[in-house]
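Q: Following this line is target.cif, made up of mmCIF, C-alpha atoms and all ligand atoms:
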```cif
data_coords
loop_
_atom_site.label_atom_id
_atom_site.label_comp_id
_atom_site.auth_asym_id
_atom_site.auth_seq_id
_atom_site.Cartn_x
_atom_site.Cartn_y
_atom_site.Cartn_z
CA MET A 29 0.00 0.00 0.00
CA GLN A 30 1.30 3.39 -0.96
CA LEU A 31 0.32 6.43 1.08
CA ILE A 32 -0.12 9.52 -1.07
CA GLU A 33 -0.27 12.72 0.94
CA LEU A 34 -1.40 15.68 -1.11
CA SER A 35 -0.06 19.18 -0.75
CA CYS A 36 -2.11 22.10 -2.00
CA SER A 37 -0.30 22.29 -5.31
CA ASP A 38 -0.60 18.57 -6.16
CA ARG A 39 -2.90 17.58 -8.96
CA LEU A 40 -3.85 13.94 -9.24
CA VAL A 41 -6.16 11.85 -11.39
CA VAL A 42 -7.29 8.49 -10.06
CA GLU A 43 -8.73 6.03 -12.59
CA ALA A 44 -10.85 3.00 -11.76
CA GLY A 45 -13.53 0.65 -13.04
CA ALA A 46 -15.90 1.31 -10.15
CA LEU A 47 -16.41 3.84 -7.40
CA PHE A 48 -18.25 3.57 -4.10
CA THR A 49 -19.48 7.02 -3.02
CA GLY A 50 -20.07 6.17 0.65
CA SER A 51 -23.58 4.85 0.06
CA SER A 52 -23.72 3.32 -3.42
CA PHE A 53 -21.62 2.12 -6.34
CA ILE A 54 -21.11 3.91 -9.59
CA ALA A 55 -20.13 1.29 -12.13
CA GLY A 56 -18.49 2.18 -15.36
CA ASN A 57 -15.53 1.22 -17.40
CA HIS A 58 -13.65 4.41 -16.91
CA ILE A 59 -14.16 6.53 -13.85
CA ARG A 60 -11.75 9.32 -13.18
CA VAL A 61 -11.55 11.30 -9.97
CA HIS A 62 -9.76 14.63 -10.43
CA ILE A 63 -8.08 15.99 -7.33
CA SER A 64 -6.50 19.36 -6.67
CA ASP A 65 -5.92 21.45 -3.53
CA GLY A 66 -6.40 18.31 -1.47
CA LYS A 67 -10.02 18.18 -2.64
CA ILE A 68 -12.07 16.24 -5.15
CA GLU A 69 -12.56 18.58 -8.08
CA HIS A 70 -14.82 16.48 -10.21
CA ILE A 71 -15.72 12.90 -11.03
CA GLU A 72 -15.80 11.85 -14.62
CA GLU A 73 -17.88 8.86 -15.66
CA ASP A 74 -18.08 6.76 -18.76
CA ASN A 75 -20.67 8.80 -20.53
CA ASP A 76 -19.03 12.14 -19.80
CA GLN A 77 -17.28 13.84 -22.61
CA LEU A 78 -13.82 12.45 -22.95
CA ILE A 79 -11.28 14.81 -21.53
CA GLU A 80 -8.51 15.83 -23.80
CA PRO A 81 -5.30 13.96 -23.18
CA ASN A 82 -3.34 17.16 -22.64
CA SER A 83 -5.47 18.12 -19.64
CA HIS A 84 -3.58 15.30 -17.92
CA LYS A 85 -0.38 17.25 -18.37
CA ASN A 86 1.52 18.19 -15.23
CA CYS A 87 -0.70 15.82 -13.42
CA ARG A 88 0.01 12.42 -11.96
CA VAL A 89 -2.36 9.64 -13.08
CA ILE A 90 -2.74 6.46 -11.04
CA GLY A 91 -5.11 3.51 -10.90
CA GLY A 92 -6.66 1.33 -13.60
CA ASP A 93 -9.89 -0.32 -14.73
CA HIS A 94 -9.34 -3.35 -12.51
CA LEU A 95 -9.49 -1.17 -9.39
CA THR A 96 -12.22 0.35 -7.23
CA ILE A 97 -12.20 3.72 -5.48
CA ILE A 98 -13.81 3.88 -2.06
CA PRO A 99 -13.71 6.41 0.80
CA CYS A 100 -11.09 5.77 3.48
CA PHE A 101 -12.29 3.67 6.40
CA ILE A 102 -12.98 4.99 9.90
CA ASP A 103 -12.83 2.78 12.99
CA CYS A 104 -15.57 4.12 15.28
CA HIS A 105 -14.30 2.56 18.48
CA VAL A 106 -10.68 1.93 19.49
CA HIS A 107 -8.48 2.27 22.55
CA LEU A 108 -5.04 3.45 21.48
CA ALA A 109 -3.76 3.08 25.05
CA LEU A 110 -4.48 -0.65 25.15
CA ASP A 111 -2.46 -3.36 23.47
CA GLY A 112 -4.96 -6.11 22.63
CA VAL A 113 -3.42 -8.50 25.12
CA SER A 114 -4.83 -7.37 28.42
CA SER A 115 -6.72 -4.27 29.45
CA SER A 116 -4.78 -3.78 32.64
CA LEU A 117 -4.10 -0.29 33.83
CA GLU A 118 -0.40 -1.07 34.33
CA LYS A 119 0.09 -1.34 30.59
CA GLN A 120 -0.95 2.28 30.21
CA ARG A 121 1.73 3.51 32.58
CA ILE A 122 4.74 2.82 30.45
CA ASN A 123 7.85 4.80 29.77
CA PRO A 124 6.99 7.76 27.46
CA LEU A 125 9.59 6.83 24.84
CA LEU A 126 8.39 3.27 24.65
CA LEU A 127 4.86 4.59 24.52
CA LYS A 128 5.63 6.66 21.43
CA ASP A 129 7.11 3.64 19.65
CA ARG A 130 4.14 1.48 20.55
CA LEU A 131 1.67 4.10 19.44
CA GLN A 132 3.50 4.47 16.13
CA ASP A 133 3.21 0.72 15.52
CA LYS A 134 -0.53 0.84 16.15
CA LEU A 135 -1.00 3.91 13.99
CA PHE A 136 0.89 2.35 11.07
CA SER A 137 -1.34 -0.68 11.37
CA TYR A 138 -4.41 1.53 10.93
CA LEU A 139 -2.99 3.16 7.81
CA ILE A 140 -1.98 -0.18 6.29
CA HIS A 141 -5.54 -1.42 6.75
CA GLY A 142 -6.99 1.61 4.98
CA ILE A 143 -8.20 3.41 8.10
CA ALA A 144 -7.78 7.20 7.91
CA ALA A 145 -9.48 8.07 11.20
CA VAL A 146 -10.21 6.44 14.54
CA ARG A 147 -12.54 7.42 17.33
CA ASP A 148 -10.81 6.61 20.60
CA GLY A 149 -13.05 5.33 23.39
CA GLY A 150 -10.83 6.65 26.15
CA ASP A 151 -8.28 5.64 28.74
CA ARG A 152 -7.56 6.72 32.25
CA GLU A 153 -4.13 8.21 31.51
CA GLY A 154 -5.19 10.48 28.66
CA ILE A 155 -3.01 8.61 26.14
CA GLY A 156 -5.58 8.90 23.34
CA VAL A 157 -5.61 12.70 23.63
CA ALA A 158 -1.79 12.81 23.80
CA CYS A 159 -1.59 10.59 20.72
CA ARG A 160 -3.92 12.90 18.79
CA GLY A 161 -1.57 15.79 19.59
CA MET A 162 1.49 13.86 18.41
CA VAL A 163 -0.24 12.99 15.12
CA GLU A 164 -1.30 16.60 14.58
CA ARG A 165 2.21 17.89 15.26
CA MET A 166 3.47 15.19 12.85
CA GLU A 167 5.64 13.60 15.52
CA LEU A 168 3.76 10.40 14.70
CA LYS A 169 2.32 9.31 11.39
CA GLY A 170 -1.19 7.98 11.65
CA PRO A 171 -4.90 8.36 11.09
CA LEU A 172 -6.84 11.34 12.40
CA VAL A 173 -7.69 10.67 16.05
CA MET A 174 -11.01 11.72 17.59
CA ALA A 175 -10.20 11.27 21.28
CA SER A 176 -12.55 10.92 24.23
CA GLY A 177 -9.84 11.44 26.83
CA LYS A 178 -10.94 9.95 30.13
CA ALA A 179 -14.27 8.17 30.28
CA LEU A 180 -17.01 9.26 32.65
CA ARG A 181 -18.15 6.60 35.09
CA LYS A 182 -19.73 6.53 38.50
CA ASN A 183 -17.77 5.86 41.66
CA GLY A 184 -17.52 2.12 42.15
CA GLY A 185 -18.91 1.29 38.69
CA TYR A 186 -17.25 -0.67 35.88
CA GLY A 187 -14.32 0.79 33.93
CA SER A 188 -11.60 1.98 36.33
CA PHE A 189 -9.01 1.54 33.52
CA LEU A 190 -10.97 3.97 31.34
CA GLY A 191 -11.50 6.85 33.72
CA PRO A 192 -11.69 7.90 37.38
CA GLY A 193 -15.03 7.56 39.18
CA ALA A 194 -17.33 10.51 39.73
CA ALA A 195 -20.15 11.35 42.16
CA PRO A 196 -23.44 12.67 40.71
CA GLY A 197 -22.76 16.23 41.96
CA GLU A 198 -19.48 16.33 40.02
CA PHE A 199 -20.67 15.59 36.47
CA ALA A 200 -20.93 19.20 35.31
CA GLN A 201 -17.49 20.12 36.56
CA ILE A 202 -15.89 16.95 35.11
CA ILE A 203 -17.48 17.38 31.70
CA LYS A 204 -16.28 20.97 31.63
CA ARG A 205 -12.75 19.81 32.48
CA TYR A 206 -12.80 17.12 29.78
CA ALA A 207 -13.96 19.72 27.26
CA VAL A 208 -11.08 22.01 28.24
CA GLU A 209 -8.61 19.11 28.10
CA GLY A 210 -9.68 18.54 24.50
CA SER A 211 -12.12 15.63 24.41
CA ASN A 212 -13.74 15.32 20.97
CA GLN A 213 -16.72 13.53 22.54
CA ILE A 214 -17.73 12.41 26.02
CA LYS A 215 -17.35 8.67 26.57
CA ILE A 216 -19.63 7.36 29.25
CA LEU A 217 -19.86 3.91 30.81
CA VAL A 218 -23.55 3.18 31.25
CA SER A 219 -23.37 -0.58 31.84
CA GLY A 220 -20.70 -3.07 32.79
CA VAL A 221 -19.41 -5.84 30.54
CA VAL A 222 -20.92 -8.95 28.99
CA SER A 223 -20.32 -12.20 30.87
CA PHE A 224 -18.38 -14.88 28.98
CA LYS A 225 -19.62 -17.49 31.43
CA GLU A 226 -23.36 -16.90 31.74
CA TYR A 227 -25.42 -16.13 28.65
CA GLY A 228 -27.25 -12.82 28.77
CA ARG A 229 -25.67 -11.49 31.92
CA VAL A 230 -24.23 -7.95 31.89
CA SER A 231 -22.92 -6.18 34.96
CA GLY A 232 -25.10 -3.39 36.28
CA VAL A 233 -26.32 -0.05 35.00
CA GLN A 234 -24.44 2.88 36.56
CA PHE A 235 -26.69 5.85 35.87
CA ASP A 236 -30.40 6.59 36.12
CA LEU A 237 -32.33 8.39 33.40
CA LYS A 238 -32.16 11.77 35.10
CA GLU A 239 -28.39 11.63 35.50
CA LEU A 240 -27.82 10.38 31.99
CA SER A 241 -30.09 13.02 30.48
CA GLN A 242 -28.22 15.72 32.42
CA ILE A 243 -24.89 14.39 31.15
CA VAL A 244 -26.09 14.46 27.53
CA GLN A 245 -27.33 18.03 28.07
CA MET A 246 -24.08 19.16 29.75
CA ALA A 247 -21.94 17.61 27.03
CA GLY A 248 -24.10 19.30 24.44
CA ASP A 249 -23.53 22.66 26.15
CA HIS A 250 -19.83 22.19 25.34
CA GLY A 251 -20.59 21.13 21.79
CA LEU A 252 -19.79 17.49 22.55
CA LYS A 253 -21.72 14.36 21.70
CA VAL A 254 -22.00 11.33 23.96
CA MET A 255 -20.52 7.95 23.07
CA ALA A 256 -22.19 5.50 25.44
CA HIS A 257 -20.82 2.09 26.42
CA ALA A 258 -24.03 0.12 26.98
CA SER A 259 -24.83 -3.57 26.88
CA SER A 260 -28.11 -5.12 28.13
CA ASP A 261 -31.39 -3.85 26.75
CA GLU A 262 -32.03 -1.95 29.97
CA ALA A 263 -28.87 0.13 29.49
CA VAL A 264 -29.61 0.68 25.79
CA ARG A 265 -33.18 1.85 26.51
CA LEU A 266 -31.82 4.35 29.01
CA CYS A 267 -29.35 5.68 26.43
CA ILE A 268 -32.06 6.12 23.81
CA LYS A 269 -34.29 8.04 26.22
CA ALA A 270 -31.40 10.25 27.34
CA GLY A 271 -30.57 11.02 23.70
CA VAL A 272 -26.96 9.83 23.41
CA HIS A 273 -25.28 10.09 19.99
CA SER A 274 -24.16 6.46 19.78
CA VAL A 275 -24.68 3.21 21.63
CA GLU A 276 -21.43 1.21 21.82
CA HIS A 277 -21.54 -2.62 22.00
CA GLY A 278 -25.28 -2.93 22.74
CA PHE A 279 -25.19 -6.67 23.34
CA PHE A 280 -28.66 -8.10 24.07
CA VAL A 281 -30.41 -5.11 22.53
CA SER A 282 -34.08 -5.84 21.70
CA GLU A 283 -35.86 -5.28 18.42
CA ASN A 284 -38.02 -2.61 20.08
CA SER A 285 -34.92 -0.70 21.11
CA LEU A 286 -33.50 -0.90 17.59
CA GLN A 287 -36.78 0.48 16.29
CA ALA A 288 -36.52 3.37 18.76
CA MET A 289 -32.89 3.98 17.72
CA ALA A 290 -33.93 4.20 14.09
CA GLU A 291 -36.71 6.66 14.97
CA LYS A 292 -34.58 8.87 17.25
CA GLY A 293 -31.44 8.75 15.13
CA VAL A 294 -29.28 7.06 17.75
CA ALA A 295 -26.37 5.31 16.02
CA TRP A 296 -25.07 1.84 16.89
CA VAL A 297 -21.52 0.50 16.98
CA PRO A 298 -22.02 -3.22 17.64
CA THR A 299 -18.33 -4.23 18.15
CA VAL A 300 -18.80 -7.97 17.55
CA VAL A 301 -15.14 -8.83 17.18
CA PRO A 302 -14.07 -8.49 20.85
CA VAL A 303 -16.58 -11.21 21.75
CA ALA A 304 -16.12 -13.36 18.63
CA VAL A 305 -12.34 -13.65 19.12
CA GLN A 306 -12.82 -15.05 22.61
CA ASN A 307 -13.85 -18.24 20.89
CA GLN A 308 -10.42 -18.85 19.47
CA GLY A 309 -8.71 -20.22 22.54
CA ARG A 310 -5.35 -19.26 23.89
CA PRO A 311 -1.99 -19.94 22.26
CA ASP A 312 -1.53 -22.84 24.68
CA GLY A 313 -4.78 -24.41 23.46
CA SER A 314 -6.77 -23.78 26.61
CA TYR A 315 -10.11 -22.05 26.88
CA ILE A 316 -10.80 -20.00 29.93
CA LYS A 317 -14.27 -18.96 28.88
CA ASP A 318 -17.39 -20.86 28.03
CA ARG A 319 -17.28 -21.27 24.25
CA LEU A 320 -20.98 -21.93 23.88
CA VAL A 321 -21.86 -18.76 25.76
CA ILE A 322 -19.51 -16.76 23.56
CA GLU A 323 -20.87 -18.32 20.38
CA GLN A 324 -24.46 -17.71 21.40
CA THR A 325 -23.70 -14.12 22.44
CA TYR A 326 -22.03 -13.01 19.24
CA ARG A 327 -24.41 -14.90 16.98
CA ARG A 328 -27.31 -13.09 18.61
CA GLN A 329 -25.45 -9.84 17.96
CA LEU A 330 -25.13 -10.75 14.25
CA ARG A 331 -28.89 -11.33 14.03
CA MET A 332 -29.52 -7.94 15.64
CA ILE A 333 -27.16 -6.26 13.18
CA ARG A 334 -29.23 -7.61 10.32
CA CYS A 335 -32.40 -6.51 12.08
CA ALA A 336 -30.95 -3.03 12.70
CA GLN A 337 -30.00 -2.73 9.05
CA GLN A 338 -33.55 -3.60 8.00
CA LEU A 339 -35.02 -1.10 10.47
CA GLY A 340 -32.76 1.68 9.19
CA VAL A 341 -30.49 2.16 12.22
CA THR A 342 -27.23 3.99 11.45
CA ILE A 343 -24.68 1.22 12.08
CA GLY A 344 -20.94 1.88 12.19
CA VAL A 345 -17.93 -0.41 12.07
CA GLY A 346 -16.00 -0.18 15.33
CA THR A 347 -13.70 -2.79 16.80
CA ASP A 348 -12.89 -1.96 20.42
CA ALA A 349 -9.28 -2.53 19.26
CA GLY A 350 -6.94 -2.78 22.20
CA ALA A 351 -9.45 -4.92 24.12
CA ALA A 352 -8.23 -8.46 24.78
CA GLY A 353 -7.63 -10.29 21.50
CA VAL A 354 -8.48 -7.38 19.17
CA GLN A 355 -5.59 -6.06 17.07
CA HIS A 356 -5.40 -2.45 15.95
CA GLY A 357 -6.15 -2.23 12.22
CA ALA A 358 -6.58 -5.94 11.52
CA GLY A 359 -9.63 -6.09 13.79
CA PHE A 360 -11.47 -3.79 11.39
CA TRP A 361 -11.41 -6.39 8.62
CA GLN A 362 -12.55 -9.08 11.05
CA GLU A 363 -15.46 -6.86 12.08
CA MET A 364 -16.43 -6.33 8.43
CA GLN A 365 -16.26 -10.10 7.89
CA LEU A 366 -18.65 -10.51 10.83
CA PHE A 367 -21.01 -7.96 9.25
CA ARG A 368 -20.92 -10.15 6.15
CA GLU A 369 -21.75 -13.19 8.30
CA ALA A 370 -24.68 -11.15 9.64
CA GLY A 371 -26.00 -11.06 6.07
CA LEU A 372 -25.21 -7.48 5.10
CA THR A 373 -24.46 -6.71 1.46
CA THR A 374 -21.17 -5.26 0.26
CA GLU A 375 -22.78 -1.82 -0.08
CA GLU A 376 -24.22 -2.01 3.43
CA ILE A 377 -20.89 -3.06 4.94
CA LEU A 378 -19.01 -0.33 3.09
CA THR A 379 -21.57 2.27 4.13
CA ALA A 380 -21.14 1.24 7.78
CA ALA A 381 -17.35 1.46 7.39
CA THR A 382 -17.28 4.83 5.61
CA ARG A 383 -20.24 7.23 5.53
CA ASN A 384 -21.91 6.02 8.74
CA ALA A 385 -18.60 5.72 10.56
CA ALA A 386 -17.70 9.30 9.59
CA TYR A 387 -21.03 10.53 10.93
CA ILE A 388 -20.61 8.60 14.18
CA ALA A 389 -17.06 9.92 14.64
CA GLY A 390 -18.15 13.51 13.98
CA LEU A 391 -16.18 13.62 10.74
CA GLU A 392 -19.07 13.83 8.28
CA ASP A 393 -17.74 17.10 6.84
CA THR A 394 -14.34 15.58 6.20
CA MET A 395 -14.50 11.90 5.35
CA GLY A 396 -16.77 9.02 4.48
CA THR A 397 -18.20 10.17 1.15
CA ILE A 398 -16.76 10.90 -2.27
CA ALA A 399 -18.22 13.92 -4.05
CA PRO A 400 -16.95 17.08 -5.73
CA GLY A 401 -15.72 19.64 -3.21
CA ARG A 402 -15.01 17.11 -0.46
CA PRO A 403 -11.53 16.57 1.02
CA ALA A 404 -9.77 13.78 -0.89
CA TYR A 405 -9.68 10.80 1.48
CA LEU A 406 -9.70 7.85 -0.91
CA LEU A 407 -8.63 4.24 -1.06
CA VAL A 408 -7.83 2.55 -4.33
CA VAL A 409 -8.42 -1.18 -3.88
CA ASP A 410 -8.61 -4.40 -5.87
CA ASN A 411 -12.09 -5.24 -7.08
CA ASP A 412 -12.59 -8.14 -4.69
CA LEU A 413 -14.61 -6.59 -1.88
CA SER A 414 -16.33 -9.72 -0.66
CA PHE A 415 -15.16 -9.34 2.97
CA GLU A 416 -15.53 -13.08 3.31
CA SER A 417 -12.03 -13.94 4.44
CA GLY A 418 -11.47 -11.21 7.01
CA GLN A 419 -8.10 -10.77 5.30
CA LEU A 420 -6.75 -7.53 4.03
CA PRO A 421 -7.47 -7.29 0.30
CA GLY A 422 -5.18 -5.43 -2.04
CA ILE A 423 -5.20 -1.80 -0.98
CA ARG A 424 -3.06 -0.11 -3.62
CA TYR A 425 -3.20 3.48 -2.42
CA MET A 426 -4.43 5.55 0.44
CA ILE A 427 -4.82 9.16 -0.65
CA ARG A 428 -5.28 11.96 1.86
CA PRO A 429 -4.49 15.64 2.27
CA ARG A 430 -1.18 16.20 4.04
CA PRO A 431 -1.91 16.44 7.77
CA ASP A 432 -0.31 19.92 7.86
CA ALA A 433 -2.08 21.18 4.73
CA GLY A 434 -4.52 22.90 7.06
CA ALA A 435 -7.70 21.55 5.48
CA VAL A 436 -8.64 19.26 8.31
CA SER A 437 -8.09 19.00 12.01
CA SER A 438 -9.62 16.87 14.71
CA SER A 439 -8.73 19.48 17.34
CA HIS A 440 -11.49 20.48 19.60
CA SER A 441 -12.20 24.16 19.24
CA ALA A 442 -14.79 24.83 21.95
ZN ZN A 501 -14.27 0.27 24.33
#
```
Can I see the file as structure tokens?
A:
Amino acid sequence: MQLIELSCSDRLVVEAGALFTGSSFIAGNHIRVHISDGKIEHIEEDNDQLIEPNSHKNCRVIGGDHLTIIPCFIDCHVHLALDGVSSSLEKQRINPLLLKDRLQDKLFSYLIHGIAAVRDGGDREGIGVACRGMVERMELKGPLVMASGKALRKNGGYGSFLGPGAAPGEFAQIIKRYAVEGSNQIKILVSGVVSFKEYGRVSGVQFDLKELSQIVQMAGDHGLKVMAHASSDEAVRLCIKAGVHSVEHGFFVSENSLQAMAEKGVAWVPTVVPVAVQNQGRPDGSYIKDRLVIEQTYRRQLRMIRCAQQLGVTIGVGTDAGAAGVQHGAGFWQEMQLFREAGLTTEEILTAATRNAAYIAGLEDTMGTIAPGRPAYLLVVDNDLSFESGQLPGIRYMIRPRPDAGAVSSSHSA
């Protein structure tokens, strides 16, 4: 994969046999996307008047009829501070130099897998926010980072590795502090985690409706949306009523709740892969979890993804990368494979991975769709987009504006 970073003066023409706009395919034998100033200038299709060959002068031309152009991918849910082996807090407290190296490895992995932006779900040490700064200052090379900073949770509730606990009287002050510290969205832990030993069990709900509604309101006052960790239908129902922007995980969600999400415009990031990979056993061949429970849990989630798609819920691809067993970058392709197993079409999977993901991450003005006037975040890939293997297909090019070209920033400007 070649990364092409465009400066303002670069002109580029990308040729392909098909183009996915972010919601549908344009098929044709010769599609050309003309790029200048880091933006898509115009898209030429088959039936357009042929451009004169000399208008290609002083202009690089890449691609070919055997290739497809799609928007860059966005992973809606990652934890840059975590390493995919264990979620222990100790791992976050590593030597700063080592940390930079480790972050760079993770960031490269995102780029190699075609991912041009990630929404970070938080960590207690503020590593996601620090990483965003290093990418913006070009000390690290990576995708755009939309960072939550520290997660909001209640004293004594689940998630001590994601953020310090808070008492109800402190929410306003904490949200204000997170906004000042540069959170791009407020991550909140509404429920605990899914049991891998007892089917359908999720540890308790931390907030009541009044508290959660206040939090959504307070975040909104700072221009921030709420990304809500919620499994169990009870937790999801609460989130819908409180008006969060996105429900994360949402294991054991009911059809009624999905219907309400579609009606109220609450997005869903189902993160199947962190549960599905638990079924693979350990390197030593042992299983520490109940395989049947895991199988039943993630298969139910796949059925609900199909149901959500039919009901018109905005679904995004997010991996929870950094959680045990989920690799940064590679997990994205496994998640798309699971969406395929759920019965989604190629267009539906791509929409969840591009346009919907951009909306969920708050990047709808920047990424996720290909149209004239939009910033040029494109992937040029081989035509095989079946997503059946979970393997990385041929990504020939990732095209994006140079991070310092000034067109785009994930910095919080409240
Ligand atoms: Zn998470």
Q: Do you know which residues are within 9 Å of ligand ZN 501 (chain A) using all atoms listed in the file? Can you write them as JSON, numbers by chain?
A: {"A": [105, 106, 107, 148, 149, 150, 190, 257, 276, 277, 299, 347, 348, 349, 350, 351]}
Q: Could you write those residues out with C-alpha atoms, as a short mmCIF file (atom, residue, chain, number, x, y, z; two decimals), in the frame of the given file?
A:
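What ended up in part-v9.cif:
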```cif
data_model
loop_
_atom_site.label_atom_id
_atom_site.label_comp_id
_atom_site.auth_asym_id
_atom_site.auth_seq_id
_atom_site.Cartn_x
_atom_site.Cartn_y
_atom_site.Cartn_z
CA HIS A 105 -14.30 2.56 18.48
CA VAL A 106 -10.68 1.93 19.49
CA HIS A 107 -8.48 2.27 22.55
CA ASP A 148 -10.81 6.61 20.60
CA GLY A 149 -13.05 5.33 23.39
CA GLY A 150 -10.83 6.65 26.15
CA LEU A 190 -10.97 3.97 31.34
CA HIS A 257 -20.82 2.09 26.42
CA GLU A 276 -21.43 1.21 21.82
CA HIS A 277 -21.54 -2.62 22.00
CA THR A 299 -18.33 -4.23 18.15
CA THR A 347 -13.70 -2.79 16.80
CA ASP A 348 -12.89 -1.96 20.42
CA ALA A 349 -9.28 -2.53 19.26
CA GLY A 350 -6.94 -2.78 22.20
CA ALA A 351 -9.45 -4.92 24.12
#
```
Q: Identify the residues around (-29.8, 10.8, 31.9) within a radius of 10 Å, measuring from all atoms listed in the file in the coordinates stated by the file, and give them as a CSV table (one decimal) with C-alpha atoms, in the coordinates of the input.
A:
```
chain,number,residue,atom,x,y,z
A,218,VAL,CA,-23.6,3.2,31.2
A,235,PHE,CA,-26.7,5.8,35.9
A,236,ASP,CA,-30.4,6.6,36.1
A,237,LEU,CA,-32.3,8.4,33.4
A,238,LYS,CA,-32.2,11.8,35.1
A,239,GLU,CA,-28.4,11.6,35.5
A,240,LEU,CA,-27.8,10.4,32.0
A,241,SER,CA,-30.1,13.0,30.5
A,242,GLN,CA,-28.2,15.7,32.4
A,243,ILE,CA,-24.9,14.4,31.2
A,244,VAL,CA,-26.1,14.5,27.5
A,245,GLN,CA,-27.3,18.0,28.1
A,266,LEU,CA,-31.8,4.4,29.0
A,267,CYS,CA,-29.4,5.7,26.4
A,268,ILE,CA,-32.1,6.1,23.8
A,269,LYS,CA,-34.3,8.0,26.2
A,270,ALA,CA,-31.4,10.2,27.3
A,271,GLY,CA,-30.6,11.0,23.7
A,272,VAL,CA,-27.0,9.8,23.4
```
Q: How many Å lie between atom CA of Gln213 of chain A and atom CA of Gly112 of chain A, rounded to one decimal?
A: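 Computing the Euclidean distance for atom CA of Gln213 of chain A and atom CA of Gly112 of chain A yields 22.9 Å.
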Q: So, counting only C-alpha atoms, which residue among A:Val89, A:Met162, A:Leu126, A:Val297 is closest to Ile388 of chain A?
A: A:Val297
Q: Between A:Ser52, A:Ser259, A:Asn384, A:Asn123, which residue has the minimum interatomic distance to Gly228 of chain A, considering all atoms listed in the file?
A: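 Nearest candidate to Gly228 of chain A out of A:Ser52, A:Ser259, A:Asn384, A:Asn123: A:Ser259.
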Q: Return the single residue from A:Arg152, A:Arg331, A:Arg165, A:Arg39 that is closest to Leu110 of chain A, with distances computed using all atoms listed in the file.
A: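 Once distances to Leu110 of chain A are computed over all atoms listed in the file, the minimum belongs to A:Arg152.
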Q: What gap, in Å, lies between atom CA of His70 of chain A and atom CA of Tyr405 of chain A?
A: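 Computed distance, atom CA of His70 of chain A to atom CA of Tyr405 of chain A, equals 14.0 Å.
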Q: Which polymer residues have any atom within 12 Å of an atom of Pro99 of chain A, counting only C-alpha atoms, with same-chain residues fewer than 6 positions away left out, as a PyMOL selection string?
A: chain A and resi 47-53+68+142-145+378-386+392+394-399+402-409+423+425-428
Q: Which residue out of A:Gly210, A:Gly346, A:Gly185, A:Gly92 has the minimum interatomic distance to Gln234 of chain A when only C-alpha atoms are used?
A: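 Smallest separation from Gln234 of chain A among the options: A:Gly185.
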Q: State, in Å with one decimal place, the distance from atom CA of Ala258 of chain A to atom CA of Ile214 of chain A.
A: 13.8 Å
Q: Around (1.8, -0.9, 18.5) in the file's frame, which residues reach within 10 Å when counting only C-alpha atoms? Return as a list in words?
A: Leu108, Ala109, Leu110, Asp111, Gly112, Leu126, Leu127, Lys128, Asp129, Arg130, Leu131, Gln132, Asp133, Lys134, Leu135, Phe136, Ser137, Gly350, Gln355 and His356 of chain A
Q: Find the residue from A:Val264, A:Leu252, A:Leu366, A:Leu320 that sits nearest to Val300 of chain A; use only C-alpha atoms when measuring.
A: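 Comparing A:Val264, A:Leu252, A:Leu366, A:Leu320 against Val300 of chain A, the winner is A:Leu366.
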Q: So, with all atoms listed in the file as the atoms that count, which of A:Gly170, A:Gly232, A:Gly45, A:Gly161 lies closest to Leu31 of chain A?
A: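 With all atoms listed in the file as the atom set, the closest residue is A:Gly170.
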Q: Skip segment 195-203 of chain A itself and residues of its chain fewer than 3 positions away, then list as a ChimeraX atom specification all residues within 7 Å of it, counting only C-alpha atoms.
A: /A:182-183,206-207,243,246-247
Q: When you get a chance, write out N, CA and C atoms for segment 33-41 of chain A, as a PDB file, keeping the file's coordinate frame.
A:
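Printed below is out-v1.pdb as written:
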```pdb
ATOM      1  N   GLU A  33       0.182  11.561   0.162  1.00  0.00           N
ATOM      2  CA  GLU A  33      -0.270  12.720   0.940  1.00  0.00           C
ATOM      3  C   GLU A  33      -0.186  13.950   0.058  1.00  0.00           C
ATOM      4  N   LEU A  34      -1.302  14.601  -0.129  1.00  0.00           N
ATOM      5  CA  LEU A  34      -1.400  15.680  -1.110  1.00  0.00           C
ATOM      6  C   LEU A  34      -1.101  17.030  -0.499  1.00  0.00           C
ATOM      7  N   SER A  35      -0.209  17.772  -1.142  1.00  0.00           N
ATOM      8  CA  SER A  35      -0.060  19.180  -0.750  1.00  0.00           C
ATOM      9  C   SER A  35      -1.023  19.981  -1.619  1.00  0.00           C
ATOM     10  N   CYS A  36      -1.149  21.260  -1.290  1.00  0.00           N
ATOM     11  CA  CYS A  36      -2.110  22.100  -2.000  1.00  0.00           C
ATOM     12  C   CYS A  36      -1.866  22.133  -3.504  1.00  0.00           C
ATOM     13  N   SER A  37      -0.597  22.115  -3.886  1.00  0.00           N
ATOM     14  CA  SER A  37      -0.300  22.290  -5.310  1.00  0.00           C
ATOM     15  C   SER A  37      -0.417  20.990  -6.111  1.00  0.00           C
ATOM     16  N   ASP A  38      -0.565  19.851  -5.434  1.00  0.00           N
ATOM     17  CA  ASP A  38      -0.600  18.570  -6.160  1.00  0.00           C
ATOM     18  C   ASP A  38      -1.886  18.403  -6.945  1.00  0.00           C
ATOM     19  N   ARG A  39      -1.735  17.989  -8.169  1.00  0.00           N
ATOM     20  CA  ARG A  39      -2.900  17.580  -8.960  1.00  0.00           C
ATOM     21  C   ARG A  39      -2.775  16.087  -9.219  1.00  0.00           C
ATOM     22  N   LEU A  40      -3.890  15.399  -9.107  1.00  0.00           N
ATOM     23  CA  LEU A  40      -3.850  13.940  -9.240  1.00  0.00           C
ATOM     24  C   LEU A  40      -5.126  13.480  -9.918  1.00  0.00           C
ATOM     25  N   VAL A  41      -4.981  12.490 -10.808  1.00  0.00           N
ATOM     26  CA  VAL A  41      -6.160  11.850 -11.390  1.00  0.00           C
ATOM     27  C   VAL A  41      -6.122  10.376 -10.995  1.00  0.00           C
TER      28      VAL A  41
END
```
